$ cat my_file23.txt   # compact mmCIF, C-alpha atoms and all ligand atoms
# COMPACT_ATOMS: atom_id res chain seq x y z
CA MET A 1 26.74 17.84 -110.94
CA LYS A 2 24.96 16.11 -113.81
CA ALA A 3 22.41 18.26 -115.61
CA VAL A 4 20.53 18.51 -118.87
CA LEU A 5 21.00 21.99 -120.28
CA LEU A 6 18.66 23.62 -122.76
CA THR A 7 21.18 25.57 -124.82
CA LYS A 8 18.88 26.99 -127.50
CA HIS A 9 15.22 26.69 -128.48
CA GLY A 10 14.37 24.03 -131.01
CA GLY A 11 14.23 20.25 -130.93
CA VAL A 12 15.83 17.65 -128.66
CA ASP A 13 19.23 18.41 -130.18
CA SER A 14 19.04 21.65 -128.14
CA LEU A 15 19.48 19.56 -124.97
CA GLU A 16 23.00 18.90 -123.71
CA PHE A 17 23.82 16.37 -120.97
CA VAL A 18 26.78 17.58 -118.85
CA ASP A 19 28.45 16.27 -115.68
CA ASP A 20 30.27 19.43 -114.60
CA TYR A 21 27.46 21.93 -113.95
CA PRO A 22 28.05 23.84 -110.67
CA THR A 23 26.16 22.31 -107.72
CA PRO A 24 24.10 25.03 -105.98
CA SER A 25 24.70 25.78 -102.29
CA PRO A 26 21.72 26.31 -100.03
CA ALA A 27 21.61 29.86 -98.67
CA GLY A 28 19.60 31.15 -95.68
CA ASP A 29 16.37 29.14 -95.47
CA GLU A 30 17.17 26.99 -98.50
CA VAL A 31 17.49 23.23 -98.53
CA LEU A 32 19.66 21.37 -101.02
CA VAL A 33 17.60 18.58 -102.58
CA ARG A 34 19.33 15.61 -104.22
CA VAL A 35 16.91 14.95 -107.07
CA MET A 36 15.95 11.27 -107.31
CA ALA A 37 13.23 11.64 -109.92
CA THR A 38 11.82 14.38 -112.09
CA GLY A 39 9.31 14.41 -114.90
CA LEU A 40 8.20 15.92 -118.16
CA ASN A 41 5.24 18.22 -118.63
CA GLN A 42 3.77 19.83 -121.72
CA VAL A 43 5.28 23.10 -120.49
CA ASP A 44 8.75 21.55 -120.94
CA GLN A 45 7.86 20.85 -124.55
CA LEU A 46 6.72 24.46 -125.00
CA ILE A 47 9.90 25.80 -123.40
CA LEU A 48 12.06 23.49 -125.53
CA ARG A 49 10.55 25.02 -128.66
CA GLY A 50 10.37 28.58 -127.26
CA TYR A 51 7.50 29.60 -124.98
CA PRO A 52 5.33 32.30 -126.59
CA GLY A 53 5.74 35.57 -124.70
CA ILE A 54 8.17 34.33 -122.04
CA ALA A 55 11.92 34.82 -122.42
CA ILE A 56 13.83 32.02 -120.68
CA PRO A 57 17.49 32.82 -119.91
CA LEU A 58 19.74 30.17 -121.53
CA PRO A 59 21.27 27.79 -120.72
CA HIS A 60 18.21 26.60 -118.85
CA ILE A 61 17.43 23.50 -116.76
CA GLN A 62 13.90 22.18 -117.26
CA GLY A 63 11.69 20.22 -114.88
CA GLY A 64 8.97 21.46 -112.51
CA ASP A 65 8.64 18.03 -110.89
CA ILE A 66 11.29 17.47 -108.22
CA ALA A 67 11.30 14.53 -105.80
CA GLY A 68 14.34 13.55 -103.78
CA VAL A 69 16.15 13.66 -100.46
CA VAL A 70 17.54 16.52 -98.41
CA ALA A 71 21.30 16.65 -99.00
CA GLY A 72 22.14 19.82 -97.09
CA VAL A 73 20.51 22.74 -95.29
CA GLY A 74 21.14 26.48 -95.17
CA PRO A 75 21.97 28.18 -91.84
CA ASP A 76 18.36 29.32 -91.17
CA VAL A 77 16.62 26.02 -91.88
CA GLN A 78 14.66 24.35 -89.09
CA GLY A 79 12.90 21.00 -89.03
CA TRP A 80 14.65 19.41 -92.02
CA LYS A 81 17.72 17.19 -92.01
CA GLU A 82 19.82 15.23 -94.46
CA GLY A 83 18.07 12.14 -95.75
CA ASP A 84 14.50 13.46 -95.36
CA ARG A 85 12.35 12.41 -98.33
CA VAL A 86 10.69 15.37 -100.04
CA LEU A 87 8.54 16.52 -102.93
CA VAL A 88 9.03 20.12 -104.05
CA PHE A 89 6.01 22.40 -104.35
CA PRO A 90 6.77 23.97 -107.76
CA ILE A 91 5.96 27.66 -107.13
CA ARG A 92 8.70 29.78 -105.56
CA THR A 93 7.60 33.06 -103.99
CA GLU A 94 9.54 35.80 -102.23
CA PRO A 95 10.21 35.35 -98.49
CA GLY A 96 7.42 36.95 -96.44
CA ASP A 97 4.90 36.74 -99.29
CA GLU A 98 1.49 37.28 -97.67
CA LEU A 99 -0.56 35.21 -100.12
CA SER A 100 1.93 32.38 -99.90
CA ALA A 101 1.64 32.43 -96.11
CA LYS A 102 -2.15 32.05 -96.53
CA GLY A 103 -1.66 29.04 -98.84
CA LEU A 104 -2.52 31.03 -101.96
CA ASP A 105 0.85 30.79 -103.72
CA ASN A 106 -0.58 30.68 -107.22
CA LEU A 107 -2.23 34.09 -106.75
CA SER A 108 0.96 35.71 -105.52
CA HIS A 109 2.95 38.08 -107.71
CA PRO A 110 5.67 37.71 -108.67
CA TRP A 111 6.11 33.98 -108.48
CA GLN A 112 8.43 31.64 -110.27
CA PHE A 113 7.82 28.12 -111.51
CA TYR A 114 10.68 25.63 -111.27
CA GLY A 115 11.83 24.68 -114.76
CA MET A 116 10.29 27.82 -116.24
CA GLN A 117 11.32 31.21 -114.80
CA ILE A 118 13.92 29.45 -112.62
CA LYS A 119 16.04 26.36 -113.20
CA GLY A 120 14.30 23.09 -112.46
CA GLY A 121 14.92 19.46 -111.65
CA HIS A 122 16.53 17.92 -114.74
CA CYS A 123 19.77 17.71 -112.78
CA GLU A 124 21.22 16.19 -109.59
CA TYR A 125 20.74 19.02 -107.09
CA VAL A 126 18.34 21.95 -106.62
CA ALA A 127 18.35 24.49 -103.76
CA VAL A 128 14.79 25.38 -102.70
CA PRO A 129 13.34 27.38 -99.80
CA GLN A 130 12.24 25.11 -96.97
CA ARG A 131 8.64 26.34 -97.33
CA ASN A 132 8.58 24.59 -100.74
CA LEU A 133 9.15 21.16 -99.22
CA VAL A 134 6.38 18.62 -98.78
CA ARG A 135 7.33 15.59 -96.72
CA LEU A 136 7.16 12.39 -98.75
CA PRO A 137 6.04 9.27 -96.84
CA ASP A 138 8.27 6.18 -97.20
CA ASN A 139 5.58 4.32 -99.12
CA VAL A 140 5.43 6.90 -101.93
CA ASP A 141 8.03 6.12 -104.56
CA PHE A 142 10.03 9.08 -105.96
CA GLY A 143 8.95 8.14 -109.49
CA ASP A 144 5.29 8.19 -108.43
CA ALA A 145 5.71 11.45 -106.54
CA VAL A 146 6.76 13.39 -109.62
CA GLN A 147 3.32 12.92 -111.17
CA LEU A 148 1.90 14.79 -108.20
CA GLY A 149 4.17 17.85 -108.24
CA VAL A 150 2.74 19.59 -111.32
CA ALA A 151 0.13 17.48 -113.21
CA GLY A 152 -1.44 16.03 -110.06
CA LEU A 153 -1.39 19.37 -108.27
CA THR A 154 -3.21 20.97 -111.21
CA ALA A 155 -5.84 18.22 -111.26
CA MET A 156 -6.28 18.49 -107.48
CA HIS A 157 -6.70 22.27 -107.55
CA GLY A 158 -9.03 22.14 -110.57
CA LEU A 159 -11.43 19.83 -108.75
CA SER A 160 -11.12 21.60 -105.40
CA GLU A 161 -13.66 23.96 -103.82
CA LYS A 162 -11.54 26.92 -105.00
CA VAL A 163 -11.99 26.11 -108.70
CA GLY A 164 -14.29 23.38 -110.04
CA ASP A 165 -15.82 22.21 -106.77
CA VAL A 166 -17.25 18.99 -108.17
CA LYS A 167 -19.88 17.42 -105.91
CA PRO A 168 -21.21 13.87 -105.38
CA GLY A 169 -23.67 12.91 -108.10
CA GLN A 170 -22.44 15.57 -110.54
CA GLN A 171 -21.16 14.95 -114.07
CA PHE A 172 -17.44 15.51 -114.78
CA PHE A 173 -15.81 15.58 -118.21
CA ILE A 174 -12.17 15.68 -119.34
CA TRP A 175 -10.28 15.37 -122.64
CA GLY A 176 -6.91 13.62 -122.43
CA GLY A 177 -8.05 11.43 -119.54
CA ALA A 178 -5.09 9.09 -120.06
CA GLY A 179 -2.48 11.86 -119.71
CA GLY A 180 -0.42 12.88 -116.68
CA LEU A 181 -3.10 15.27 -115.43
CA GLY A 182 -6.07 13.25 -116.68
CA THR A 183 -5.21 9.99 -114.92
CA ILE A 184 -5.18 11.80 -111.57
CA ALA A 185 -8.27 13.91 -112.38
CA ILE A 186 -10.37 10.81 -113.19
CA GLN A 187 -9.50 9.21 -109.84
CA LEU A 188 -10.12 12.42 -107.89
CA ALA A 189 -13.50 12.99 -109.55
CA LYS A 190 -14.52 9.41 -108.68
CA LEU A 191 -13.35 9.89 -105.09
CA LYS A 192 -15.59 12.96 -104.91
CA GLY A 193 -18.54 10.89 -106.09
CA ALA A 194 -18.93 12.30 -109.60
CA THR A 195 -19.85 10.43 -112.79
CA VAL A 196 -16.78 10.61 -115.03
CA HIS A 197 -16.73 11.06 -118.80
CA ALA A 198 -13.21 10.86 -120.27
CA VAL A 199 -11.74 11.03 -123.77
CA ALA A 200 -8.55 9.54 -125.21
CA SER A 201 -7.23 8.51 -128.61
CA SER A 202 -6.61 4.76 -128.49
CA ALA A 203 -8.25 1.55 -127.28
CA ASP A 204 -5.56 0.86 -124.65
CA LYS A 205 -5.97 4.39 -123.23
CA LEU A 206 -9.74 3.90 -123.04
CA GLU A 207 -9.21 0.65 -121.16
CA ALA A 208 -6.80 2.34 -118.74
CA MET A 209 -9.29 5.16 -118.06
CA LYS A 210 -12.01 2.60 -117.25
CA GLU A 211 -9.65 0.84 -114.84
CA LEU A 212 -9.07 4.19 -113.12
CA GLY A 213 -12.82 4.54 -112.65
CA ALA A 214 -14.15 6.44 -115.68
CA ASP A 215 -17.84 5.64 -116.19
CA PHE A 216 -18.04 6.65 -119.87
CA VAL A 217 -15.08 6.70 -122.27
CA TYR A 218 -14.89 8.14 -125.77
CA ASN A 219 -12.30 7.56 -128.50
CA ARG A 220 -11.33 10.76 -130.29
CA SER A 221 -9.48 8.83 -133.00
CA GLU A 222 -12.89 7.49 -134.09
CA MET A 223 -15.08 10.59 -133.48
CA ASP A 224 -14.60 14.31 -134.01
CA TYR A 225 -15.27 16.88 -131.26
CA GLU A 226 -18.89 17.34 -132.27
CA ALA A 227 -19.60 13.61 -132.36
CA ILE A 228 -18.04 13.21 -128.92
CA GLY A 229 -20.18 16.10 -127.65
CA ASN A 230 -23.30 14.33 -128.95
CA ALA A 231 -22.27 11.02 -127.39
CA VAL A 232 -21.63 12.69 -124.02
CA ARG A 233 -25.01 14.45 -124.21
CA GLY A 234 -26.61 11.04 -124.78
CA ASN A 235 -25.08 9.80 -121.51
CA ALA A 236 -25.63 13.03 -119.54
CA PRO A 237 -28.81 14.64 -120.93
CA ALA A 238 -28.83 17.51 -118.39
CA GLY A 239 -25.23 18.35 -119.31
CA ILE A 240 -21.86 18.37 -117.57
CA ASP A 241 -21.38 20.16 -114.25
CA LEU A 242 -17.58 20.44 -114.43
CA ILE A 243 -15.27 20.28 -117.42
CA LEU A 244 -11.55 20.40 -116.70
CA ASP A 245 -10.04 21.61 -119.96
CA TYR A 246 -6.62 22.42 -121.39
CA VAL A 247 -7.36 21.70 -125.05
CA GLY A 248 -8.54 25.26 -125.67
CA PRO A 249 -10.00 26.56 -128.95
CA GLY A 250 -10.20 23.14 -130.69
CA ALA A 251 -12.66 21.82 -128.13
CA PHE A 252 -14.11 25.05 -126.76
CA GLN A 253 -17.46 25.13 -128.59
CA THR A 254 -18.07 21.46 -127.77
CA ASN A 255 -17.18 22.06 -124.14
CA TRP A 256 -19.30 25.19 -123.76
CA GLY A 257 -22.29 23.49 -125.38
CA LEU A 258 -21.94 20.51 -123.05
CA LEU A 259 -22.15 22.44 -119.79
CA ALA A 260 -25.23 21.95 -117.65
CA LYS A 261 -27.09 24.98 -116.26
CA GLY A 262 -24.78 26.53 -113.66
CA GLY A 263 -21.88 24.45 -114.98
CA THR A 264 -18.19 25.36 -114.78
CA MET A 265 -15.27 25.08 -117.15
CA ALA A 266 -12.01 24.96 -115.20
CA PHE A 267 -9.36 25.92 -117.72
CA CYS A 268 -5.59 25.48 -117.55
CA GLY A 269 -3.92 24.96 -120.94
CA ILE A 270 -3.50 25.96 -124.57
CA LEU A 271 -2.93 22.70 -126.46
CA THR A 272 -4.72 23.97 -129.60
CA GLY A 273 -4.22 27.75 -129.39
CA VAL A 274 -4.98 30.83 -127.34
CA GLU A 275 -8.12 32.46 -128.75
CA THR A 276 -11.73 31.45 -129.19
CA THR A 277 -15.20 32.98 -129.43
CA ILE A 278 -17.92 32.74 -126.83
CA HIS A 279 -21.72 32.83 -127.24
CA LEU A 280 -22.52 35.41 -124.59
CA GLN A 281 -26.29 34.92 -124.60
CA PHE A 282 -25.95 31.15 -124.15
CA SER A 283 -23.50 31.84 -121.30
CA TYR A 284 -25.89 33.91 -119.23
CA LEU A 285 -29.02 31.97 -120.11
CA ARG A 286 -27.30 28.85 -118.79
CA GLN A 287 -25.41 30.74 -116.06
CA LEU A 288 -22.06 29.26 -116.99
CA ARG A 289 -18.76 29.89 -115.28
CA PHE A 290 -15.30 29.99 -116.88
CA LYS A 291 -12.50 29.73 -114.34
CA GLY A 292 -8.93 30.01 -115.55
CA TYR A 293 -6.35 28.73 -113.09
CA TYR A 294 -2.69 27.89 -112.77
CA LEU A 295 -1.12 24.95 -110.91
CA GLY A 296 -2.43 24.96 -107.32
CA ASN A 297 -1.46 25.63 -103.74
CA ARG A 298 0.59 23.87 -101.09
CA PRO A 299 -2.43 22.43 -99.24
CA ASP A 300 -3.60 20.82 -102.52
CA LEU A 301 -0.23 19.09 -102.87
CA GLU A 302 -0.13 17.97 -99.24
CA GLN A 303 -3.62 16.49 -99.54
CA LEU A 304 -2.75 14.73 -102.78
CA VAL A 305 0.41 13.17 -101.32
CA ALA A 306 -1.69 11.92 -98.38
CA LEU A 307 -4.26 10.39 -100.77
CA VAL A 308 -1.48 8.51 -102.59
CA ALA A 309 0.15 7.40 -99.33
CA ASP A 310 -3.27 6.12 -98.15
CA GLY A 311 -3.75 4.16 -101.38
CA LYS A 312 -6.81 6.17 -102.46
CA ILE A 313 -5.15 7.54 -105.62
CA LYS A 314 -2.42 5.85 -107.63
CA ALA A 315 0.23 7.41 -109.81
CA VAL A 316 0.37 6.10 -113.37
CA LYS A 317 3.76 5.90 -115.04
CA ALA A 318 3.84 6.12 -118.84
CA ALA A 319 7.58 5.45 -119.14
CA GLU A 320 10.84 5.96 -117.30
CA PHE A 321 14.08 7.40 -118.71
CA SER A 322 17.51 8.17 -117.29
CA LEU A 323 18.64 11.80 -117.02
CA ALA A 324 21.09 11.27 -119.89
CA ASP A 325 18.12 10.22 -122.04
CA ALA A 326 16.02 13.35 -121.38
CA GLY A 327 15.85 13.93 -125.14
CA LYS A 328 14.32 10.47 -125.61
CA ALA A 329 11.81 11.30 -122.88
CA HIS A 330 10.76 14.40 -124.86
CA GLN A 331 10.42 12.31 -128.03
CA PHE A 332 8.33 9.74 -126.16
CA MET A 333 6.03 12.48 -124.85
CA ASP A 334 5.72 13.83 -128.40
CA SER A 335 4.58 10.39 -129.59
CA ASN A 336 1.45 10.73 -127.40
CA THR A 337 1.38 6.97 -126.88
CA GLY A 338 2.00 6.91 -123.12
CA ILE A 339 -0.60 6.49 -120.39
CA GLY A 340 0.15 8.65 -117.36
CA LYS A 341 3.36 10.44 -116.51
CA VAL A 342 6.74 10.51 -118.24
CA VAL A 343 9.31 10.05 -115.44
CA ILE A 344 13.04 10.82 -115.51
CA ARG A 345 15.15 8.99 -112.92
CA VAL A 346 18.20 10.77 -111.54
CA ASP A 347 19.73 7.79 -109.68
N1 LIG B 401 -2.00 25.76 -116.15
C1 LIG B 401 -1.43 24.86 -115.38
O1 LIG B 401 -1.19 25.08 -114.21
C2 LIG B 401 -1.08 23.51 -115.93
C3 LIG B 401 -0.34 22.62 -115.16
C4 LIG B 401 -0.11 21.32 -115.66
C5 LIG B 401 -0.57 21.00 -116.93
N2 LIG B 401 -1.23 21.95 -117.65
C6 LIG B 401 -1.69 21.64 -119.00
O2 LIG B 401 -2.50 20.50 -118.95
C7 LIG B 401 -2.34 19.79 -120.14
C8 LIG B 401 -2.16 18.32 -119.86
O3 LIG B 401 -0.95 18.07 -119.20
P1 LIG B 401 -0.46 16.59 -119.06
O4 LIG B 401 0.75 16.61 -118.23
O5 LIG B 401 -1.59 15.72 -118.67
O6 LIG B 401 -0.08 16.26 -120.58
P2 LIG B 401 -0.12 14.86 -121.31
O7 LIG B 401 0.24 13.78 -120.39
O8 LIG B 401 0.64 15.02 -122.57
O9 LIG B 401 -1.66 14.67 -121.65
C9 LIG B 401 -2.33 15.51 -122.56
C10 LIG B 401 -3.43 14.72 -123.23
O10 LIG B 401 -4.17 15.61 -124.06
C11 LIG B 401 -4.75 14.86 -125.12
N3 LIG B 401 -4.75 15.71 -126.28
C12 LIG B 401 -3.68 16.17 -126.96
N4 LIG B 401 -4.09 16.95 -127.99
C13 LIG B 401 -5.45 16.97 -127.93
C14 LIG B 401 -6.47 17.59 -128.72
N5 LIG B 401 -6.15 18.35 -129.78
N6 LIG B 401 -7.75 17.38 -128.39
C15 LIG B 401 -8.08 16.61 -127.33
N7 LIG B 401 -7.17 16.00 -126.54
C16 LIG B 401 -5.87 16.19 -126.85
C17 LIG B 401 -3.87 13.62 -125.30
O11 LIG B 401 -4.70 12.50 -125.13
P3 LIG B 401 -5.28 11.61 -126.32
O12 LIG B 401 -4.44 11.78 -127.53
O13 LIG B 401 -5.25 10.23 -125.78
O14 LIG B 401 -6.68 12.12 -126.51
C18 LIG B 401 -2.90 13.63 -124.12
O15 LIG B 401 -2.92 12.42 -123.38
C19 LIG B 401 -1.21 20.45 -120.92
O16 LIG B 401 -1.76 21.27 -121.91
C20 LIG B 401 -0.53 21.28 -119.89
O17 LIG B 401 0.08 22.40 -120.45
C21 LIG B 401 -1.50 23.17 -117.17

$ encode --input "my_file23.txt" --output "structure tokens" --more "lines below"
Ligand SMILES: NC(=O)c1ccc[n+]([C@@H]2O[C@H](COP(=O)([O-])OP(=O)(O)OC[C@H]3O[C@@H](n4cnc5c(N)ncnc54)[C@H](OP(=O)(O)O)[C@@H]3O)[C@@H](O)[C@H]2O)c1
Amino acid sequence: MKAVLLTKHGGVDSLEFVDDYPTPSPAGDEVLVRVMATGLNQVDQLILRGYPGIAIPLPHIQGGDIAGVVAGVGPDVQGWKEGDRVLVFPIRTEPGDELSAKGLDNLSHPWQFYGMQIKGGHCEYVAVPQRNLVRLPDNVDFGDAVQLGVAGLTAMHGLSEKVGDVKPGQQFFIWGGAGGLGTIAIQLAKLKGATVHAVASSADKLEAMKELGADFVYNRSEMDYEAIGNAVRGNAPAGIDLILDYVGPGAFQTNWGLLAKGGTMAFCGILTGVETTIHLQFSYLRQLRFKGYYLGNRPDLEQLVALVADGKIKAVKAAEFSLADAGKAHQFMDSNTGIGKVVIRVD
């Protein structure tokens, strides 16, 4: 099969497009998925360069986003047949995993993330357990679906009752509102009735965020973190109830200072580093909550797919590349000019 192999850590010259990689066979309860579209996430960029603290066996196949059709089934599979349209839930757990059975996959241990601890979707075929399949309605395009698998799932979980639990009338804030995760988070926060404050770094991104429903937009190419914090405070004097953050140390003090009494920071990324300081007294006086989280759970993904199928949320495509051009897709993501999700077609 065709595949893009990561042969060493470094730049895009570490990626090798091949057409003779062995096609996996579905064993037991596995389903063979013919990948129609996959995507790029920041984690793919980290893995390309060498993920701190995680050894990835090489050669590796990247891609946590996998949308396609069933192309074969293992002997124990029930309820799935060739041609079914599917989106793959990106966390693989062991058979019989109790937390997974309760819909709490991301709390299970050990678990594996497609494209990270196990090979992902930057190829033609992937064998996945049938419990990882989410049925994809005919009106959801494969290219749109890949935004939901990882970035959308993480936005959905971050705003859900289990993490951020944003409520009607509350204030919601996000940096990178024009990114793969941000474009979904803005729409979800609006659906939940929140007032949305979103940041991006160019005029066209600000415009796109407004079209998605953001009430207040801020341009970080014109203001530093502190100035943005002051501008947000001007629009939300009582503070922000939920911040969904993955910027990390660079924005942490601004974020923490922006939270309303009883506010929450839902945290899921390390764009600017891994350590920060925290003003403990401020934290308890204002009764703040810091909630780290990872990806999400199957029910989050099923609900998100239904919202897209019902036309309540739309996927936003930054650019589309062919599998052979996966390196160009990485370079495009590096340019930080896109709005929404970088999609790789595997037609
Ligand atoms: N833990 C998890 O489960 C999980 C899952 C998915 C994603 N994530 C994390 O979520 C983040 C976003 O993912 P994504 O797919 O949306 O990526 P993306 O499409 O590249 O969007 C990231 C956005 O962050 C903004 N940004 C970059 N550097 C920044 C900085 N120093 N300060 C403020 N904003 C900055 C950029 O927007 P502007 O330049 O326009 O401001 C960019 O659009 C990544 O860090 C990723 O690792 C975590």

$ residues_around --input "my_file23.txt" --residues "stretch 248-259 of chain A" --least-positions-apart "3" --cutoff "7 Å" --atoms "all atoms listed in the file" --output "count of residues only"
17

$ closest_atom_pairs --input "my_file23.txt" --of "chain A" --to "ligand LIG 401 (chain B)" --cutoff "8 Å" --atoms "all atoms listed in the file" --output "JSON lines"
{"residue": "A:Leu40", "atom": "CA", "partner": "B:LIG401", "partner_atom": "O4", "distance": 7.5}
{"residue": "A:Asn41", "atom": "CA", "partner": "B:LIG401", "partner_atom": "O4", "distance": 4.8}
{"residue": "A:Gln42", "atom": "CA", "partner": "B:LIG401", "partner_atom": "O17", "distance": 4.7}
{"residue": "A:Val43", "atom": "CA", "partner": "B:LIG401", "partner_atom": "O17", "distance": 5.2}
{"residue": "A:Val150", "atom": "CA", "partner": "B:LIG401", "partner_atom": "C4", "distance": 5.5}
{"residue": "A:Ala151", "atom": "CA", "partner": "B:LIG401", "partner_atom": "C4", "distance": 4.6}
{"residue": "A:Gly152", "atom": "CA", "partner": "B:LIG401", "partner_atom": "C4", "distance": 7.8}
{"residue": "A:Leu153", "atom": "CA", "partner": "B:LIG401", "partner_atom": "C3", "distance": 7.7}
{"residue": "A:Thr154", "atom": "CA", "partner": "B:LIG401", "partner_atom": "C3", "distance": 5.2}
{"residue": "A:Ala155", "atom": "CA", "partner": "B:LIG401", "partner_atom": "C4", "distance": 7.9}
{"residue": "A:Trp175", "atom": "CA", "partner": "B:LIG401", "partner_atom": "N7", "distance": 5.0}
{"residue": "A:Gly176", "atom": "CA", "partner": "B:LIG401", "partner_atom": "O11", "distance": 3.7}
{"residue": "A:Gly177", "atom": "CA", "partner": "B:LIG401", "partner_atom": "O15", "distance": 6.5}
{"residue": "A:Ala178", "atom": "CA", "partner": "B:LIG401", "partner_atom": "O15", "distance": 5.2}
{"residue": "A:Gly179", "atom": "CA", "partner": "B:LIG401", "partner_atom": "O7", "distance": 3.4}
{"residue": "A:Gly180", "atom": "CA", "partner": "B:LIG401", "partner_atom": "O5", "distance": 3.7}
{"residue": "A:Leu181", "atom": "CA", "partner": "B:LIG401", "partner_atom": "O5", "distance": 3.6}
{"residue": "A:Gly182", "atom": "CA", "partner": "B:LIG401", "partner_atom": "O5", "distance": 5.5}
{"residue": "A:Thr183", "atom": "CA", "partner": "B:LIG401", "partner_atom": "O5", "distance": 7.7}
{"residue": "A:Val199", "atom": "CA", "partner": "B:LIG401", "partner_atom": "O14", "distance": 5.9}
{"residue": "A:Ala200", "atom": "CA", "partner": "B:LIG401", "partner_atom": "O13", "distance": 3.4}
{"residue": "A:Ser201", "atom": "CA", "partner": "B:LIG401", "partner_atom": "O13", "distance": 3.9}
{"residue": "A:Ser202", "atom": "CA", "partner": "B:LIG401", "partner_atom": "O13", "distance": 6.3}
{"residue": "A:Lys205", "atom": "CA", "partner": "B:LIG401", "partner_atom": "O13", "distance": 6.4}
{"residue": "A:Asn219", "atom": "CA", "partner": "B:LIG401", "partner_atom": "O14", "distance": 7.5}
{"residue": "A:Arg220", "atom": "CA", "partner": "B:LIG401", "partner_atom": "O14", "distance": 6.1}
{"residue": "A:Ser221", "atom": "CA", "partner": "B:LIG401", "partner_atom": "O14", "distance": 7.8}
{"residue": "A:Asp245", "atom": "CA", "partner": "B:LIG401", "partner_atom": "O2", "distance": 7.7}
{"residue": "A:Tyr246", "atom": "CA", "partner": "B:LIG401", "partner_atom": "O16", "distance": 5.0}
{"residue": "A:Val247", "atom": "CA", "partner": "B:LIG401", "partner_atom": "N6", "distance": 5.5}
{"residue": "A:Gly250", "atom": "CA", "partner": "B:LIG401", "partner_atom": "N5", "distance": 6.3}
{"residue": "A:Ala251", "atom": "CA", "partner": "B:LIG401", "partner_atom": "N6", "distance": 6.6}
{"residue": "A:Phe267", "atom": "CA", "partner": "B:LIG401", "partner_atom": "N1", "distance": 7.5}
{"residue": "A:Cys268", "atom": "CA", "partner": "B:LIG401", "partner_atom": "N1", "distance": 3.9}
{"residue": "A:Gly269", "atom": "CA", "partner": "B:LIG401", "partner_atom": "O16", "distance": 4.4}
{"residue": "A:Ile270", "atom": "CA", "partner": "B:LIG401", "partner_atom": "O16", "distance": 5.7}
{"residue": "A:Leu271", "atom": "CA", "partner": "B:LIG401", "partner_atom": "O16", "distance": 4.9}
{"residue": "A:Thr272", "atom": "CA", "partner": "B:LIG401", "partner_atom": "N5", "distance": 5.8}
{"residue": "A:Tyr293", "atom": "CA", "partner": "B:LIG401", "partner_atom": "N1", "distance": 6.1}
{"residue": "A:Tyr294", "atom": "CA", "partner": "B:LIG401", "partner_atom": "O1", "distance": 3.5}
{"residue": "A:Leu295", "atom": "CA", "partner": "B:LIG401", "partner_atom": "O1", "distance": 3.3}
{"residue": "A:Gly296", "atom": "CA", "partner": "B:LIG401", "partner_atom": "O1", "distance": 7.0}
{"residue": "A:Met333", "atom": "CA", "partner": "B:LIG401", "partner_atom": "O8", "distance": 6.4}
{"residue": "A:Asp334", "atom": "CA", "partner": "B:LIG401", "partner_atom": "O8", "distance": 7.8}
{"residue": "A:Asn336", "atom": "CA", "partner": "B:LIG401", "partner_atom": "O12", "distance": 6.0}
{"residue": "A:Thr337", "atom": "CA", "partner": "B:LIG401", "partner_atom": "O13", "distance": 7.5}
{"residue": "A:Gly338", "atom": "CA", "partner": "B:LIG401", "partner_atom": "O15", "distance": 7.4}
{"residue": "A:Ile339", "atom": "CA", "partner": "B:LIG401", "partner_atom": "O15", "distance": 7.0}
{"residue": "A:Gly340", "atom": "CA", "partner": "B:LIG401", "partner_atom": "O7", "distance": 6.0}
{"residue": "A:Lys341", "atom": "CA", "partner": "B:LIG401", "partner_atom": "O7", "distance": 6.0}
{"residue": "A:Val342", "atom": "CA", "partner": "B:LIG401", "partner_atom": "O7", "distance": 7.6}

$ atom_distance --input "my_file23.txt" --atom1 "atom CA of A:Asn132" --atom2 "atom CA of A:Ala266"
25.2 Å

$ closest_residue --input "my_file23.txt" --among "A:Arg298, A:Lys162, A:Lys314, A:Arg135" --to "A:Glu211" --atoms "all atoms listed in the file"
A:Lys314

$ atom_distance --input "my_file23.txt" --atom1 "atom CA of A:Asp65" --atom2 "atom CA of A:Glu124"
12.8 Å

$ build_atoms --input "my_file23.txt" --residues "stretch 120-126 of chain A" --atoms "N, CA and C atoms" --output "short mmCIF file (atom, residue, chain, number, x, y, z; two decimals), in the frame of the given file"
data_model
loop_
_atom_site.label_atom_id
_atom_site.label_comp_id
_atom_site.auth_asym_id
_atom_site.auth_seq_id
_atom_site.Cartn_x
_atom_site.Cartn_y
_atom_site.Cartn_z
N GLY A 120 15.08 24.15 -113.07
CA GLY A 120 14.30 23.09 -112.46
C GLY A 120 15.08 21.84 -112.11
N GLY A 121 14.43 20.70 -112.23
CA GLY A 121 14.92 19.46 -111.65
C GLY A 121 15.58 18.47 -112.61
N HIS A 122 15.86 18.85 -113.83
CA HIS A 122 16.53 17.92 -114.74
C HIS A 122 18.04 17.97 -114.48
N CYS A 123 18.39 17.64 -113.24
CA CYS A 123 19.77 17.71 -112.78
C CYS A 123 19.86 16.96 -111.44
N GLU A 124 21.06 16.95 -110.85
CA GLU A 124 21.22 16.19 -109.59
C GLU A 124 20.81 16.94 -108.33
N TYR A 125 21.02 18.26 -108.33
CA TYR A 125 20.74 19.02 -107.09
C TYR A 125 19.99 20.33 -107.39
N VAL A 126 19.04 20.66 -106.52
CA VAL A 126 18.34 21.95 -106.62
C VAL A 126 18.26 22.53 -105.21
#
